[in-house]
Amino acid sequence: MLEYVLFSLLNSLVLGMLLFMLSSGLTLIFSMMGVLNFAHASFYMLGAYFGYQISTWVGFWPALVIAPLLVGGLGALVERYGLRSLHKYGHVAELLFTVGLFYIIEESVNLIWGRNAVMYPIPTILDFPVFKLLGADVSAYRMFMLLISMAMFVGLYLVLTRTRIGLIIQAALTHPEGVNALGHNVPAVFMLVFGGGSALAGLAGVIGGIFLITEPAMAATLGPIVFVVIVVGGMGSLTGAFVASLLLAAIQTFAVGIEYSLTDLLALFGWQVDTSGFFRDIWRIQLSHTGPILPYLFMVLMLMFRPKGLMGKRES
Amino acid sequence: MTALKLVDVHKNFGSSRIINGVNLDVPKGERHAIIGPNGAGKSTLFNLISGFYQVSRGYIELNGHAITDLPPHRINRRGLSRSFQVTNIFPKMTVFENVRSALLWPMGYRYSFWHMCDRLKKVNRKTEEILEKINLADRRHIPAAMLAYAEQRALEIGITIAGDTDVILLDEPTAGMSKSETARAVELIRNVTEGKTLLIVEHDMSVVFDLADRISVLVYGKVVATDLPDNIRQNAQVQEAYLGKEVA
Amino acid sequence: MKHYLKQFGIWFAAVIVCIVLPLVFNSGFSRSMLSQMGIAVIFALSYNMMLGQGGMLSFGHAVYYGLGGFLAMHALNWVGDGWPLPLELVPLMGGLGGVVAGLVFGWLSTDRAGTTFALISLGIGELIAASALMLPSFFGGEEGVSANRMVDTTLTSFRFGQQIEVYYLIVAWMLVCIALMYLQTKTPLGRVANAVRDNPERAAFIGYNARVVRTLQFTLAAFFAGIAGGLFAINYEIINAETVGAIPSGNVLMMTYIGGVGHFFGPILGAVLVTLMQLTLAGITHAWLLYFGLLFVGMILWAPGGLAGLIMMHEPVWKAGLMSRLLRAYAIIAVPALVLFLGLMTLIEINYHLSLSVNPDEPMSLFGISFRAQSPAAWLVSLGLIGIGFFFFRKAQRVVRRSWNEVAQQMKGAAIQ
């Protein structure tokens with residue numbers, strides 16, 4: 001039991017930090033520009049694939065640096081030549097554009113790398129157990145992932161609070177018109193933020209693609225969860241995204257191991273339930289099988305009872 | 001009897017205190033103007049009365065019933081309508097449709113999806129009447145976004161009074177108008193608010209003194225004076241608020 | 001009077017065309033495609049009730065389509081067991097499923113508009129799609145639910161065994177739904193839905209609770225989506241969890257947007273065109289989804305009004321009799337556009353062949369020309385086509401712009417006179 005809890009905690013932490021890497025970029029972009037980038041997870045996917053490809057050519061460590069830069073550059077181009085011309089049509093048009101982008105990136109990945117998953121293995125340097133926890137191995141790669149995500153978190157925090165550009169970004173988070181009036185080149189800042197956010201997603205992809213799987217469907221599976229994270233955390237709040245990422249990762253990780261159903265829960269209290277009626281499925285589902293719906297259930301409940309999210313400041 | 005009453009109304013945004021204890025008593029049928037320097041909080045006050053903002057303290061009554069915590073649409077249904085400082089019409093609909101849409105609820109059609117709007121004779125007739133009043137009858141098929149500015153302001157007033165509510169709030173209705181346009185607007189306002197209670201925010205003093213039965217002066221979120229127009233003109237505090245202290 | 005004649009004339013012509021189409025295109029494939037188009041038209045129009053009229057962008061509209069379809073499929077089984085509901089009215093059960101779900105989820109979603117609404121719809125869509133596999137008694141598990149549409153209880157004497165009979169049933173429902181949805185735009189609710197879309201603040205001040213308006217519009221849209229789902233059930237006789245999922249939701253969004261959200265008939269165009277493309281293109285090239293994505297993005301960037309918008313943009317020009325000027329310019333730009341497209345297509349097809357075919361060395365064929373995908377000549381040709389096409393396209397764009405300016409001047413001049 002203790003082993004289960006500890007390992008689940010560790011896994012939740014790793015997964016949660018990965019989710020945060022993804023959602024932080026999205027939150028920044030959304031807060032600054034009001035644009036919800038539907039294709040954000042697609043940039044994550046591109047990061048994984050670029051990372052994979054560059055790894056096979058020159059190795060993992062160069063890939064770790066080059067792939068996110070490539071993705072960031074792509075993001076900046078998308079903003080400059082795509083999104084920018086759509087600002088005047090409003091947020092719905094921008095959102096739809098990113099939907100189209102999602103399809104194009106997905107199909108292009110299919111086109112270039114094929115429809116099957118690619119073998120993107122843990123780099124041999126990191127493929128060893130770093131310590132034992134309660135008798136089972138903990139791999140170095142997970143520690144590495146944690147390290148990178150912590151570094152990213154700290155780096156982001158420092159940039160936002162200590163640098164000039166960070167202050168401008170913070171100001172533009174709540175008062176974009178004011179920032180423009182002060183003479184800052186807001187379009188250039190937008191491009192920077194979009195590119196930066198995409199680069200973060202790309203970085204998450206480079207390391208996440210090894211940990212999870214690298215296949216063309218990865219954007220479609222991870223994408224909605226990232227949206228759940230930012231809705232639950234509160235649109236526009238980085239701390240909220242952090243908390244929500246860890247929370248959702250924990251929920252999913254823990255649920256997978258719990259094989260009890262509602263019937264079992266009620267039996268604990270001594271209630272017998274007739275499990276043959278119209279709703280028999282609901283009584284009998286084991287929690288471990290509900291994994292896929294838990295995030296969405298959480299999101300819908302959150303939207304019903306606390307639409308601002310855990311720490312939201314700004315709505316669309 | 002009092003149409004609109006504000007008692008000790010406060011509004012804070014975070015630590016900024018915008019409205020600092022406003023008391024107002026507007027009797028039925030009065031035309032009451034609110035004036036004051038920029039930033040005094042006039043639009044905020046309107047937003048509080050019409051339900052867009054929640055008061056931080058105090059309460060508001062409409063015809064004796066508390067409306068402090070009601071949402072805007074409920075306040076409207078109880079008999080208060082307002083116009084907006086920044087023109088707030090339905091840009092993609094025609095002039096005719098704009099006015100007609102303001103009549104649907106008051107004339108009882110509510111959320112109906114089984115009536116055909118074009119066949120509602122009474123509604124269409126009333127729409128025509130209002131279009132005549134605001135002088136836009138020959139522009140009826142033009143999308144509202146394509147009207148000239150003064151015409152849009154007239155349309156805004158038309159939409160506001162269409163529902164025949166007892167209490168009307170007009171937020172700087174003549175903003176940006178030329179002298180002749182303003183004169184026409186004042187005539188229109190006088191016409192359509194016959195027998196109704198009017199609360200009007202204005203910067204144009206000629207309009208204020210022309211229309212108002214009484215004037216309240218709002219400075220830094222507080223009403224410093226409420227009186228007949230002539231007395232306000234001569235009030236030293238008011239002069240100071242507008243013109244500042246004399247340089248010694 | 002003339003106005004009525006014109007309106008009824010269009011309806012009459014449309015009915016005749018619908019009746020005649022499967023007789024002209026009488027292959028099994030065509031009739032099946034026509035049936036799918038009919039269903040798609042209802043689905044897309046229902047989507048536009050929300051997007052175009054209500055300003056609500058939903059990523060999960062297939063929930064109401066699919067739930068309606070599942071309910072209708074169960075109903076079909078009950079009818080087969082003796083329930084006294086004629087087959088022709090089974091789509092109403094679909095509508096019922098749509099309404100119930102629409103009311104519940106609509107009320108939950110409509111507190112917000114814009115991006116938050118879109119996200120909620122995505123969440124609900126994913127929730128339902130994921131639940132489908134967990135509730136096998138309603139959703140039938142992996143294989144889904146199936147039924148036999150050849151039942152004894154029918155209103156007409158048709159047995160509905162043949163595709164053409166099903167087509168006529170679909171078309172009858174389609175025409176009824178189009179009429180109802182069109183009329184709805186002219187009702188108080190329809191008008192106020194537009195008002196709430198454009199200016200929810202103002203709508204509150206003409207007495208309307210924006211949330212109630214949106215919920216009602218949502219529920220009506222879900223009703224029609226459910227009817228489309230019911231027709232789906234009758235048409236295919238099998239339905240599974242995919243039908244409530246992201247693919248049909250994304251599809252209907254694309255159809256409606258490509259057709260044009262600003263005009264009532266836009267989604268009709270989009271549904272017909274996209275269904276046509278999906279069914280024919282998918283057989284020709286593996287890359288059809290990529291072409292789709294490119295078309296979609298292209299429309300967003302350069303023709304946000306969709307096809308309907310493009311067509312209606314020319315209405316005043318047509319009325320002023322100045323179309324010929326524009327047509328000349330369009331003819332000029334068509335050539336480089338075609339060249340550019342051919343180049344892109346060749347490049348894409350080459351890449352698909354290289355990455356997806358079993359033996360990439362084997363020669364592929366395009367327009368009857370057989371060549372090896374890796375040959376440098378193939379790449380040079382495609383890149384060359386792209387380059388040349390793009391260059392002349394930019395030049396031709398100026399010609400088109402000039403034409404439009406001339407035409408606009410002429411029309412303004414005529415108006416002043």
# chains A, B, ... in the order shown; residues from 1 in each chain; ligands from 1
call {"tool": "interface_residues", "arguments": {"of": "chain C", "to": "chain B", "cutoff": "7 Å", "atoms": "only C-alpha atoms", "output": "PyMOL selection string"}}
result
chain C and resi 184+186-190+192+195+198-199+202+204-209
call {"tool": "select_by_dssp", "arguments": {"residues": "stretch 6-104 of chain C", "states": "helix (DSSP H, G or I)", "output": "number ranges by chain"}}
result
C: 6-24, 28-53, 62-80, 87-104
call {"tool": "closest_atom_pairs", "arguments": {"of": "chain A", "to": "chain C", "cutoff": "9 Å", "atoms": "only C-alpha atoms", "output": "Markdown table"}}
result
| residue | atom | partner | partner_atom | distance |
| --- | --- | --- | --- | --- |
| A:Gly34 | CA | C:Thr115 | CA | 8.8 |
| A:Val35 | CA | C:Thr115 | CA | 8.4 |
| A:Leu36 | CA | C:Thr115 | CA | 7.2 |
| A:Gly82 | CA | C:Leu301 | CA | 7.3 |
| A:Leu83 | CA | C:Leu301 | CA | 8.8 |
| A:Ser85 | CA | C:Leu301 | CA | 7.5 |
| A:Leu86 | CA | C:Leu301 | CA | 7.1 |
| A:Tyr89 | CA | C:Pro304 | CA | 8.8 |
| A:His91 | CA | C:Thr115 | CA | 7.5 |
| A:Val92 | CA | C:Gly114 | CA | 6.9 |
| A:Ala93 | CA | C:Ile300 | CA | 7.0 |
| A:Glu94 | CA | C:Ile300 | CA | 8.7 |
| A:Leu95 | CA | C:Thr115 | CA | 7.9 |
| A:Leu96 | CA | C:Ile300 | CA | 7.5 |
| A:Phe97 | CA | C:Val297 | CA | 5.9 |
| A:Thr98 | CA | C:Val297 | CA | 8.5 |
| A:Val99 | CA | C:Val297 | CA | 8.5 |
| A:Gly100 | CA | C:Val297 | CA | 5.3 |
| A:Leu101 | CA | C:Val297 | CA | 7.0 |
| A:Phe102 | CA | C:Gly293 | CA | 8.2 |
| A:Tyr103 | CA | C:Gly293 | CA | 5.4 |
| A:Ile104 | CA | C:Gly293 | CA | 5.2 |
| A:Ile105 | CA | C:Leu290 | CA | 8.6 |
| A:Glu106 | CA | C:Leu290 | CA | 8.4 |
| A:Glu107 | CA | C:Leu290 | CA | 5.5 |
| A:Ser108 | CA | C:Leu290 | CA | 7.2 |
| A:Asn110 | CA | C:Ser355 | CA | 8.5 |
| A:Leu111 | CA | C:Tyr352 | CA | 5.5 |
| A:Ile112 | CA | C:Ser355 | CA | 6.2 |
| A:Trp113 | CA | C:Ser355 | CA | 6.7 |
| A:Gly114 | CA | C:Ser355 | CA | 5.9 |
| A:Arg115 | CA | C:Leu356 | CA | 8.0 |
| A:Pro224 | CA | C:Gly123 | CA | 7.4 |
| A:Ile225 | CA | C:Gly123 | CA | 9.0 |
| A:Phe227 | CA | C:Leu119 | CA | 7.2 |
| A:Val228 | CA | C:Gly123 | CA | 7.4 |
| A:Val231 | CA | C:Leu119 | CA | 8.0 |
| A:Met235 | CA | C:Thr116 | CA | 8.9 |
| A:Phe278 | CA | C:Ser137 | CA | 7.7 |
| A:Phe279 | CA | C:Ser137 | CA | 8.4 |
| A:Arg280 | CA | C:Ser137 | CA | 8.1 |
| A:Asp281 | CA | C:Leu135 | CA | 5.3 |
| A:Ile282 | CA | C:Leu135 | CA | 7.0 |
| A:Ile285 | CA | C:Met134 | CA | 7.1 |
| A:His289 | CA | C:Met134 | CA | 7.9 |
| A:Thr290 | CA | C:Met134 | CA | 7.8 |
| A:Pro292 | CA | C:Ala130 | CA | 6.2 |
| A:Ile293 | CA | C:Leu127 | CA | 5.4 |
| A:Leu294 | CA | C:Leu127 | CA | 8.2 |
| A:Pro295 | CA | C:Leu127 | CA | 8.5 |
| A:Tyr296 | CA | C:Gly123 | CA | 5.3 |
| A:Leu297 | CA | C:Leu127 | CA | 6.5 |
| A:Met299 | CA | C:Gly123 | CA | 6.9 |
| A:Val300 | CA | C:Gly123 | CA | 6.7 |
| A:Leu303 | CA | C:Ile120 | CA | 7.5 |
| A:Met304 | CA | C:Leu108 | CA | 6.4 |
| A:Pro307 | CA | C:Arg112 | CA | 8.8 |
| A:Glu315 | CA | C:Thr116 | CA | 7.6 |
| A:Ser316 | CA | C:Thr115 | CA | 6.1 |
call {"tool": "residues_around", "arguments": {"residues": "C:Val176", "least_positions_apart": "3", "cutoff": "12 Å", "atoms": "only C-alpha atoms", "output": "PyMOL selection string"}}
result
chain C and resi 11+15+38+41-42+169-173+179-183+224+227-228
call {"tool": "closest_residue", "arguments": {"among": "B:Ala145, B:Ala66, B:Leu155, B:Leu45", "to": "B:Phe96", "atoms": "only C-alpha atoms"}}
result
B:Leu155
call {"tool": "residues_around", "arguments": {"residues": "A:Val226", "least_positions_apart": "6", "cutoff": "9 Å", "atoms": "only C-alpha atoms", "output": "number ranges by chain"}}
result
A: 19-20, 22-23, 26, 40-41, 245
call {"tool": "atom_distance", "arguments": {"atom1": "atom CA of C:Ala308", "atom2": "atom CA of C:Ile39"}}
result
19.7 Å
call {"tool": "residues_around", "arguments": {"residues": "stretch 53-62 of chain A", "least_positions_apart": "6", "cutoff": "12 Å", "atoms": "only C-alpha atoms", "output": "VMD selection string"}}
result
chain A and resid 46 to 47 68 to 70 109 112 to 113 118 to 126 206 to 207 209 to 210 214
call {"tool": "closest_residue", "arguments": {"among": "A:Ile169, A:His87, A:Arg164, A:Leu247", "to": "A:Gly196", "atoms": "only C-alpha atoms"}}
result
A:Ile169
call {"tool": "residues_around", "arguments": {"residues": "B:Asn23", "least_positions_apart": "5", "cutoff": "10 Å", "atoms": "only C-alpha atoms", "output": "compact mmCIF listing (two decimals) with C-alpha atoms, in the first residue's frame"}}
result
# COMPACT_ATOMS: atom_id res chain seq x y z
CA LYS B 5 -33.45 55.96 -4.49
CA LEU B 6 -29.79 55.40 -3.68
CA VAL B 7 -28.81 55.06 -0.05
CA ASP B 8 -25.18 55.25 1.06
CA VAL B 9 -23.91 53.54 -2.07
CA HIS B 10 -20.22 52.67 -2.15
CA GLY B 58 -25.51 50.52 0.46
CA TYR B 59 -28.69 49.80 -1.44
CA ILE B 60 -30.73 50.95 -4.40
CA LYS B 222 -19.68 61.81 -3.61
CA VAL B 223 -22.65 64.05 -4.30
CA THR B 226 -28.33 68.48 -5.19
call {"tool": "select_by_dssp", "arguments": {"residues": "stretch 20-245 of chain B", "states": "strand (DSSP E)", "output": "JSON, numbers by chain"}}
result
{"B": [20, 21, 22, 23, 24, 25, 26, 27, 31, 32, 33, 34, 35, 57, 58, 59, 60, 61, 62, 65, 66, 80, 81, 82, 167, 168, 169, 170, 171, 197, 198, 199, 200, 201, 214, 215, 216, 217, 218, 219, 222, 223, 224, 225, 226, 227]}
call {"tool": "atom_distance", "arguments": {"atom1": "atom CA of A:Tyr44", "atom2": "atom CA of A:Tyr141"}}
result
18.8 Å
call {"tool": "atom_distance", "arguments": {"atom1": "atom CA of C:Ala377", "atom2": "atom CA of C:Phe392"}}
result
22.2 Å
call {"tool": "closest_residue", "arguments": {"among": "B:Gly36, B:Gly41, B:Gly14, B:Pro27", "to": "B:Gln237", "atoms": "only C-alpha atoms"}}
result
B:Gly36
call {"tool": "residues_around", "arguments": {"residues": "B:Val207", "least_positions_apart": "4", "cutoff": "8 Å", "atoms": "only C-alpha atoms", "output": "PyMOL selection string"}}
result
chain B and resi 182+186+202+211
